[in-house]
file my_file14.txt (compact mmCIF, C-alpha atoms)
# COMPACT_ATOMS: atom_id res chain seq x y z
CA MET A 80 -24.90 14.51 18.41
CA THR A 81 -23.58 15.39 21.87
CA ARG A 82 -21.94 18.69 22.72
CA ALA A 83 -18.59 16.95 23.23
CA LYS A 84 -18.67 15.63 19.68
CA GLU A 85 -19.74 19.01 18.31
CA SER A 86 -16.79 20.80 19.92
CA ARG A 87 -14.17 18.34 18.68
CA PRO A 88 -12.61 19.30 15.36
CA CYS A 89 -13.34 16.86 12.56
CA ILE A 90 -10.38 16.14 10.29
CA LYS A 91 -11.19 14.61 6.94
CA LEU A 92 -8.76 11.93 5.82
CA ARG A 93 -8.09 13.73 2.54
CA ASP A 94 -6.84 16.76 4.52
CA MET A 95 -4.86 14.78 7.07
CA ASP A 96 -1.08 15.20 7.12
CA GLU A 97 1.20 12.22 6.56
CA LYS A 98 2.03 11.69 10.26
CA ASN A 99 -1.62 11.60 11.37
CA MET A 100 -2.59 9.36 8.47
CA HIS A 101 0.29 7.01 9.30
CA ASN A 102 -0.79 6.83 12.95
CA LEU A 103 -4.37 6.12 11.91
CA PHE A 104 -3.14 3.44 9.52
CA LEU A 105 -1.08 1.76 12.29
CA LYS A 106 -4.01 1.90 14.70
CA ASN A 107 -6.32 0.33 12.12
CA MET A 108 -3.75 -2.26 11.08
CA ALA A 109 -3.24 -3.28 14.72
CA GLY A 110 -7.02 -3.56 15.03
CA LEU A 111 -7.21 -5.75 11.95
CA ILE A 112 -4.51 -8.07 13.20
CA GLU A 113 -6.18 -8.32 16.63
CA GLU A 114 -9.55 -8.90 14.95
CA THR A 115 -8.04 -11.80 13.01
CA LYS A 116 -6.72 -13.39 16.21
CA ASN A 117 -9.81 -12.72 18.34
CA PRO A 118 -12.85 -12.06 16.12
CA SER A 119 -15.60 -9.97 17.65
CA PRO A 120 -19.28 -10.29 16.84
CA CYS A 121 -20.36 -8.26 13.83
CA LEU A 122 -21.58 -4.88 15.03
CA ASN A 123 -21.90 -3.43 11.55
CA PRO A 124 -24.70 -5.08 9.57
CA ASN A 125 -23.11 -3.95 6.28
CA SER A 126 -19.71 -5.48 7.06
CA LYS A 127 -18.87 -8.83 5.49
CA ARG A 128 -15.84 -9.14 7.76
CA GLY A 129 -17.14 -8.74 11.28
CA GLY A 130 -15.59 -5.89 13.23
CA MET A 131 -13.18 -4.86 10.49
CA ALA A 132 -15.36 -2.03 9.23
CA THR A 133 -12.95 0.66 10.50
CA HIS A 134 -10.38 -0.11 7.83
CA ALA A 135 -13.09 -0.26 5.20
CA GLY A 136 -14.17 3.22 6.27
CA VAL A 137 -10.63 4.54 5.80
CA ALA A 138 -10.55 3.10 2.29
CA LEU A 139 -13.97 4.53 1.42
CA GLU A 140 -13.11 7.98 2.79
CA LEU A 141 -9.99 8.10 0.61
CA GLY A 142 -11.84 6.81 -2.44
CA ILE A 143 -9.72 3.65 -2.47
CA THR A 144 -11.02 0.52 -4.15
CA ARG A 145 -11.07 -2.54 -1.96
CA PRO A 146 -11.21 -6.09 -3.32
CA HIS A 147 -14.69 -7.55 -3.65
CA GLY A 148 -15.78 -11.17 -3.36
CA SER A 149 -17.00 -11.82 -6.92
CA GLY A 150 -14.22 -13.73 -8.63
CA VAL A 151 -11.43 -12.04 -6.67
CA LYS A 152 -9.57 -14.05 -4.06
CA MET A 153 -10.01 -12.29 -0.73
CA MET A 154 -6.86 -11.11 1.05
CA SER A 155 -5.83 -11.54 4.63
CA PRO A 156 -6.41 -8.45 6.79
CA GLN A 157 -2.65 -7.84 6.89
CA MET A 158 -2.38 -7.96 3.10
CA GLU A 159 -5.36 -5.66 2.70
CA ALA A 160 -3.89 -3.22 5.24
CA ILE A 161 -0.57 -3.09 3.37
CA LEU A 162 -2.43 -2.74 0.05
CA ILE A 163 -4.36 0.26 1.41
CA TRP A 164 -1.11 1.70 2.79
CA CYS A 165 0.38 1.45 -0.73
CA GLN A 166 -2.72 3.03 -2.26
CA CYS A 167 -2.50 5.94 0.19
CA ARG A 168 1.16 6.55 -0.67
CA THR A 169 0.71 6.33 -4.45
CA ARG A 170 -2.72 7.87 -5.03
CA GLU A 171 -1.25 11.09 -6.48
CA TYR A 172 0.95 9.32 -9.06
CA ASP A 173 0.04 9.13 -12.73
CA ASN A 174 -0.42 5.67 -14.28
CA VAL A 175 -0.47 3.88 -10.92
CA LYS A 176 -3.57 2.05 -9.73
CA ILE A 177 -2.76 -0.54 -7.09
CA GLU A 178 -5.60 -3.04 -6.75
CA ASN A 179 -3.73 -6.25 -5.95
CA PHE A 180 -0.30 -7.79 -5.43
CA THR A 181 0.02 -9.07 -8.99
CA ASN A 182 -0.81 -7.16 -12.18
CA SER A 183 -0.82 -3.74 -10.50
CA TRP A 184 2.97 -4.04 -10.13
CA ALA A 185 3.72 -5.52 -13.57
CA ASP A 186 5.04 -2.40 -15.32
CA GLY A 187 7.18 -1.34 -12.35
CA LEU A 188 5.53 2.07 -11.97
CA ALA A 189 3.86 1.12 -8.69
CA PHE A 190 7.24 0.14 -7.22
CA CYS A 191 8.74 3.42 -8.48
CA ALA A 192 5.85 5.51 -7.12
CA LEU A 193 6.06 3.84 -3.71
CA ILE A 194 9.81 4.39 -3.44
CA HIS A 195 9.56 7.91 -4.92
CA HIS A 196 6.99 8.83 -2.26
CA PHE A 197 9.67 8.40 0.39
CA PHE A 198 12.67 9.58 -1.67
CA PRO A 199 11.32 12.19 -4.12
CA GLN A 200 14.78 13.66 -4.81
CA SER A 201 16.24 10.33 -5.89
CA PHE A 202 14.74 10.30 -9.41
CA ASP A 203 12.25 12.12 -11.63
CA TYR A 204 9.09 10.04 -11.61
CA SER A 205 7.52 12.06 -14.43
CA LYS A 206 10.11 10.73 -16.89
CA LEU A 207 9.19 7.08 -16.31
CA SER A 208 7.15 4.97 -18.70
CA GLY A 209 5.31 1.70 -18.22
CA GLN A 210 6.92 0.52 -21.46
CA ASN A 211 10.33 0.29 -19.71
CA ARG A 212 9.32 -2.12 -16.99
CA LYS A 213 12.73 -3.72 -16.40
CA ALA A 214 14.34 -0.29 -16.03
CA ASN A 215 11.52 0.66 -13.62
CA TYR A 216 12.14 -2.45 -11.49
CA GLU A 217 15.87 -1.77 -11.40
CA LEU A 218 15.35 1.88 -10.48
CA ALA A 219 12.87 1.13 -7.69
CA PHE A 220 14.78 -1.80 -6.19
CA GLN A 221 18.19 -0.11 -6.34
CA THR A 222 16.84 3.15 -4.93
CA GLY A 223 15.04 1.30 -2.12
CA GLU A 224 18.19 -0.62 -1.24
CA ARG A 225 20.44 2.44 -1.43
CA PHE A 226 18.31 4.89 0.56
CA ALA A 227 16.36 2.63 2.93
CA GLY A 228 18.32 -0.61 3.11
CA ILE A 229 15.44 -2.62 1.65
CA PRO A 230 16.82 -6.11 0.93
CA ASP A 231 17.09 -7.05 -2.72
CA PHE A 232 15.44 -10.47 -2.47
CA LEU A 233 13.17 -9.42 -5.35
CA THR A 234 15.15 -8.43 -8.43
CA ALA A 235 14.35 -6.88 -11.79
CA ASP A 236 15.13 -10.24 -13.43
CA ASP A 237 12.70 -12.01 -11.07
CA MET A 238 9.93 -9.57 -11.93
CA GLU A 239 10.72 -9.66 -15.65
CA GLY A 240 10.52 -13.47 -15.59
CA MET A 241 7.24 -13.54 -13.66
CA VAL A 242 5.62 -10.99 -15.99
CA ALA A 243 6.88 -12.77 -19.11
CA ASP A 244 5.49 -16.10 -17.82
CA LYS A 245 2.24 -14.38 -16.76
CA ARG A 246 2.74 -15.86 -13.29
CA ILE A 247 3.32 -12.97 -10.91
CA ASP A 248 3.69 -14.34 -7.39
CA PRO A 249 1.64 -12.15 -5.01
CA LYS A 250 3.57 -13.45 -2.01
CA MET A 251 6.85 -12.18 -3.46
CA ILE A 252 5.35 -8.77 -4.23
CA PHE A 253 3.72 -8.59 -0.79
CA SER A 254 6.97 -9.59 0.94
CA TYR A 255 8.91 -6.87 -0.86
CA VAL A 256 6.26 -4.22 -0.17
CA GLN A 257 6.15 -5.30 3.47
CA GLU A 258 9.89 -4.59 3.64
CA VAL A 259 9.30 -1.15 2.12
CA TYR A 260 6.72 -0.55 4.84
CA ARG A 261 9.04 -1.84 7.56
CA MET A 262 12.03 0.23 6.40
CA CYS A 263 10.21 3.42 5.38
CA ASN A 264 7.21 3.80 7.68
CA GLU A 265 9.08 6.05 10.12
CA LEU A 266 10.46 8.39 7.45
call {"tool": "encode", "arguments": {"input": "my_file14.txt", "output": "structure tokens"}}
result
Amino acid sequence: MTRAKESRPCIKLRDMDEKNMHNLFLKNMAGLIEETKNPSPCLNPNSKRGGMATHAGVALELGITRPHGSGVKMMSPQMEAILIWCQCRTREYDNVKIENFTNSWADGLAFCALIHHFFPQSFDYSKLSGQNRKANYELAFQTGERFAGIPDFLTADDMEGMVADKRIDPKMIFSYVQEVYRMCNEL
């Protein structure tokens, strides 16, 4: 290790404040998008995705589970980046484990946790139950629209129907979460 590296303070991701973590996330997301457009040769022999190991390192440092190839459909880098962003924002919430853009959102608690992260005074998360999924959808979507202007193109009835039919559309979930990111990332 060089003297320059020794003198620089090392900040662990777990101890990083929200602003620094957000900036790191944006930097990594931009790198993932650029890597998708212009792939670089694989410099990391352990990486299955070429030069995208930086984002994987962020996920590992935070103890976040990333999708694996066996039986799970791999996500685009943009989807994975947004998934990790959601995991970072909801990792302290009880009964929320975001692993995908389908079943992880089925009981509505993930939507509520994500919105509550940005608007903690808007409702009491601790009083929510996964058994009341339609009420959870309504609370999250209405709160997001009221406080952040998140469009209501995904409704509680839409979610209720998808869950009842066991056909949750990951593109609809991803599109809504992308809007949450777009509208709330500067808060």
call {"tool": "residues_around", "arguments": {"input": "my_file14.txt", "residues": "segment 201-215 of chain A", "least_positions_apart": "2", "cutoff": "6 Å", "atoms": "only C-alpha atoms", "output": "JSON, numbers by chain"}}
result
{"A": [186, 187, 198, 199, 217, 218, 235]}
call {"tool": "write_last_selection", "arguments": {"input": "my_file14.txt", "atoms": "C-alpha atoms", "output": "PDB file, in the coordinates of the input"}}
result
ATOM      1  CA  ASP A 186       5.040  -2.400 -15.320  1.00  0.00           C
ATOM      2  CA  GLY A 187       7.180  -1.340 -12.350  1.00  0.00           C
ATOM      3  CA  PHE A 198      12.670   9.580  -1.670  1.00  0.00           C
ATOM      4  CA  PRO A 199      11.320  12.190  -4.120  1.00  0.00           C
ATOM      5  CA  GLU A 217      15.870  -1.770 -11.400  1.00  0.00           C
ATOM      6  CA  LEU A 218      15.350   1.880 -10.480  1.00  0.00           C
ATOM      7  CA  ALA A 235      14.350  -6.880 -11.790  1.00  0.00           C
TER       8      ALA A 235
END
call {"tool": "closest_atom_pairs", "arguments": {"input": "my_file14.txt", "of": "segment 144-216 of chain A", "to": "segment 247-255 of chain A", "cutoff": "9 Å", "atoms": "all atoms listed in the file", "output": "JSON lines"}}
result
{"residue": "A:Met158", "atom": "CA", "partner": "A:Phe253", "partner_atom": "CA", "distance": 7.3}
{"residue": "A:Ile161", "atom": "CA", "partner": "A:Phe253", "partner_atom": "CA", "distance": 8.1}
{"residue": "A:Leu162", "atom": "CA", "partner": "A:Phe253", "partner_atom": "CA", "distance": 8.5}
{"residue": "A:Asn179", "atom": "CA", "partner": "A:Pro249", "partner_atom": "CA", "distance": 8.0}
{"residue": "A:Phe180", "atom": "CA", "partner": "A:Pro249", "partner_atom": "CA", "distance": 4.8}
{"residue": "A:Thr181", "atom": "CA", "partner": "A:Pro249", "partner_atom": "CA", "distance": 5.3}
{"residue": "A:Asn182", "atom": "CA", "partner": "A:Ile247", "partner_atom": "CA", "distance": 7.2}
{"residue": "A:Trp184", "atom": "CA", "partner": "A:Ile252", "partner_atom": "CA", "distance": 7.9}
{"residue": "A:Ala185", "atom": "CA", "partner": "A:Ile247", "partner_atom": "CA", "distance": 7.9}
call {"tool": "axis_aligned_box", "arguments": {"input": "my_file14.txt", "around": "segment 219-228 of chain A", "padding_each_side": "8 Å", "output": "JSON"}}
result
{"center_x": 16.7, "center_y": 1.5, "center_z": -2.3, "size_x": 23.6, "size_y": 22.7, "size_z": 26.8}
call {"tool": "atom_distance", "arguments": {"input": "my_file14.txt", "atom1": "atom CA of His196 of chain A", "atom2": "atom CA of Ser155 of chain A"}}
result
25.0 Å
call {"tool": "atom_distance", "arguments": {"input": "my_file14.txt", "atom1": "atom CA of Cys191 of chain A", "atom2": "atom CA of Gln221 of chain A"}}
result
10.3 Å
call {"tool": "atom_distance", "arguments": {"input": "my_file14.txt", "atom1": "atom CA of Phe232 of chain A", "atom2": "atom CA of Ala219 of chain A"}}
result
13.0 Å
call {"tool": "closest_residue", "arguments": {"input": "my_file14.txt", "among": "A:Trp164, A:Asp173, A:Ala243, A:Glu258", "to": "Glu224 of chain A", "atoms": "all atoms listed in the file"}}
result
A:Glu258
call {"tool": "build_atoms", "arguments": {"input": "my_file14.txt", "residues": "segment 187-201 of chain A", "atoms": "N, CA, C and O atoms", "output": "short mmCIF file (atom, residue, chain, number, x, y, z; two decimals), keeping the file's coordinate frame"}}
result
data_model
loop_
_atom_site.label_atom_id
_atom_site.label_comp_id
_atom_site.auth_asym_id
_atom_site.auth_seq_id
_atom_site.Cartn_x
_atom_site.Cartn_y
_atom_site.Cartn_z
N GLY A 187 6.14 -1.92 -13.20
CA GLY A 187 7.18 -1.34 -12.35
C GLY A 187 6.86 0.06 -11.85
O GLY A 187 7.54 0.56 -10.96
N LEU A 188 5.84 0.70 -12.39
CA LEU A 188 5.53 2.07 -11.97
C LEU A 188 5.04 2.14 -10.52
O LEU A 188 5.32 3.11 -9.82
N ALA A 189 4.33 1.13 -10.08
CA ALA A 189 3.86 1.12 -8.69
C ALA A 189 5.04 1.04 -7.72
O ALA A 189 5.07 1.75 -6.71
N PHE A 190 6.03 0.20 -8.05
CA PHE A 190 7.24 0.14 -7.22
C PHE A 190 7.93 1.50 -7.19
O PHE A 190 8.34 1.99 -6.13
N CYS A 191 8.08 2.11 -8.38
CA CYS A 191 8.74 3.42 -8.48
C CYS A 191 7.98 4.48 -7.70
O CYS A 191 8.59 5.29 -6.98
N ALA A 192 6.65 4.51 -7.83
CA ALA A 192 5.85 5.51 -7.12
C ALA A 192 5.98 5.34 -5.61
O ALA A 192 6.13 6.33 -4.88
N LEU A 193 5.95 4.10 -5.14
CA LEU A 193 6.06 3.84 -3.71
C LEU A 193 7.41 4.31 -3.17
O LEU A 193 7.49 4.99 -2.15
N ILE A 194 8.47 3.97 -3.87
CA ILE A 194 9.81 4.39 -3.44
C ILE A 194 9.96 5.91 -3.58
O ILE A 194 10.50 6.58 -2.70
N HIS A 195 9.46 6.47 -4.68
CA HIS A 195 9.56 7.91 -4.92
C HIS A 195 8.82 8.70 -3.85
O HIS A 195 9.24 9.80 -3.48
N HIS A 196 7.73 8.16 -3.33
CA HIS A 196 6.99 8.83 -2.26
C HIS A 196 7.91 9.14 -1.08
O HIS A 196 7.82 10.21 -0.48
N PHE A 197 8.78 8.21 -0.74
CA PHE A 197 9.67 8.40 0.39
C PHE A 197 10.97 9.11 0.02
O PHE A 197 11.57 9.77 0.87
N PHE A 198 11.40 9.00 -1.23
CA PHE A 198 12.67 9.58 -1.67
C PHE A 198 12.46 10.36 -2.97
O PHE A 198 12.97 9.99 -4.02
N PRO A 199 11.69 11.46 -2.90
CA PRO A 199 11.32 12.19 -4.12
C PRO A 199 12.51 12.83 -4.85
O PRO A 199 12.42 13.08 -6.05
N GLN A 200 13.61 13.06 -4.16
CA GLN A 200 14.78 13.66 -4.81
C GLN A 200 15.65 12.64 -5.53
O GLN A 200 16.57 13.01 -6.25
N SER A 201 15.36 11.37 -5.35
CA SER A 201 16.24 10.33 -5.89
C SER A 201 16.11 10.12 -7.39
O SER A 201 17.05 9.69 -8.05
#
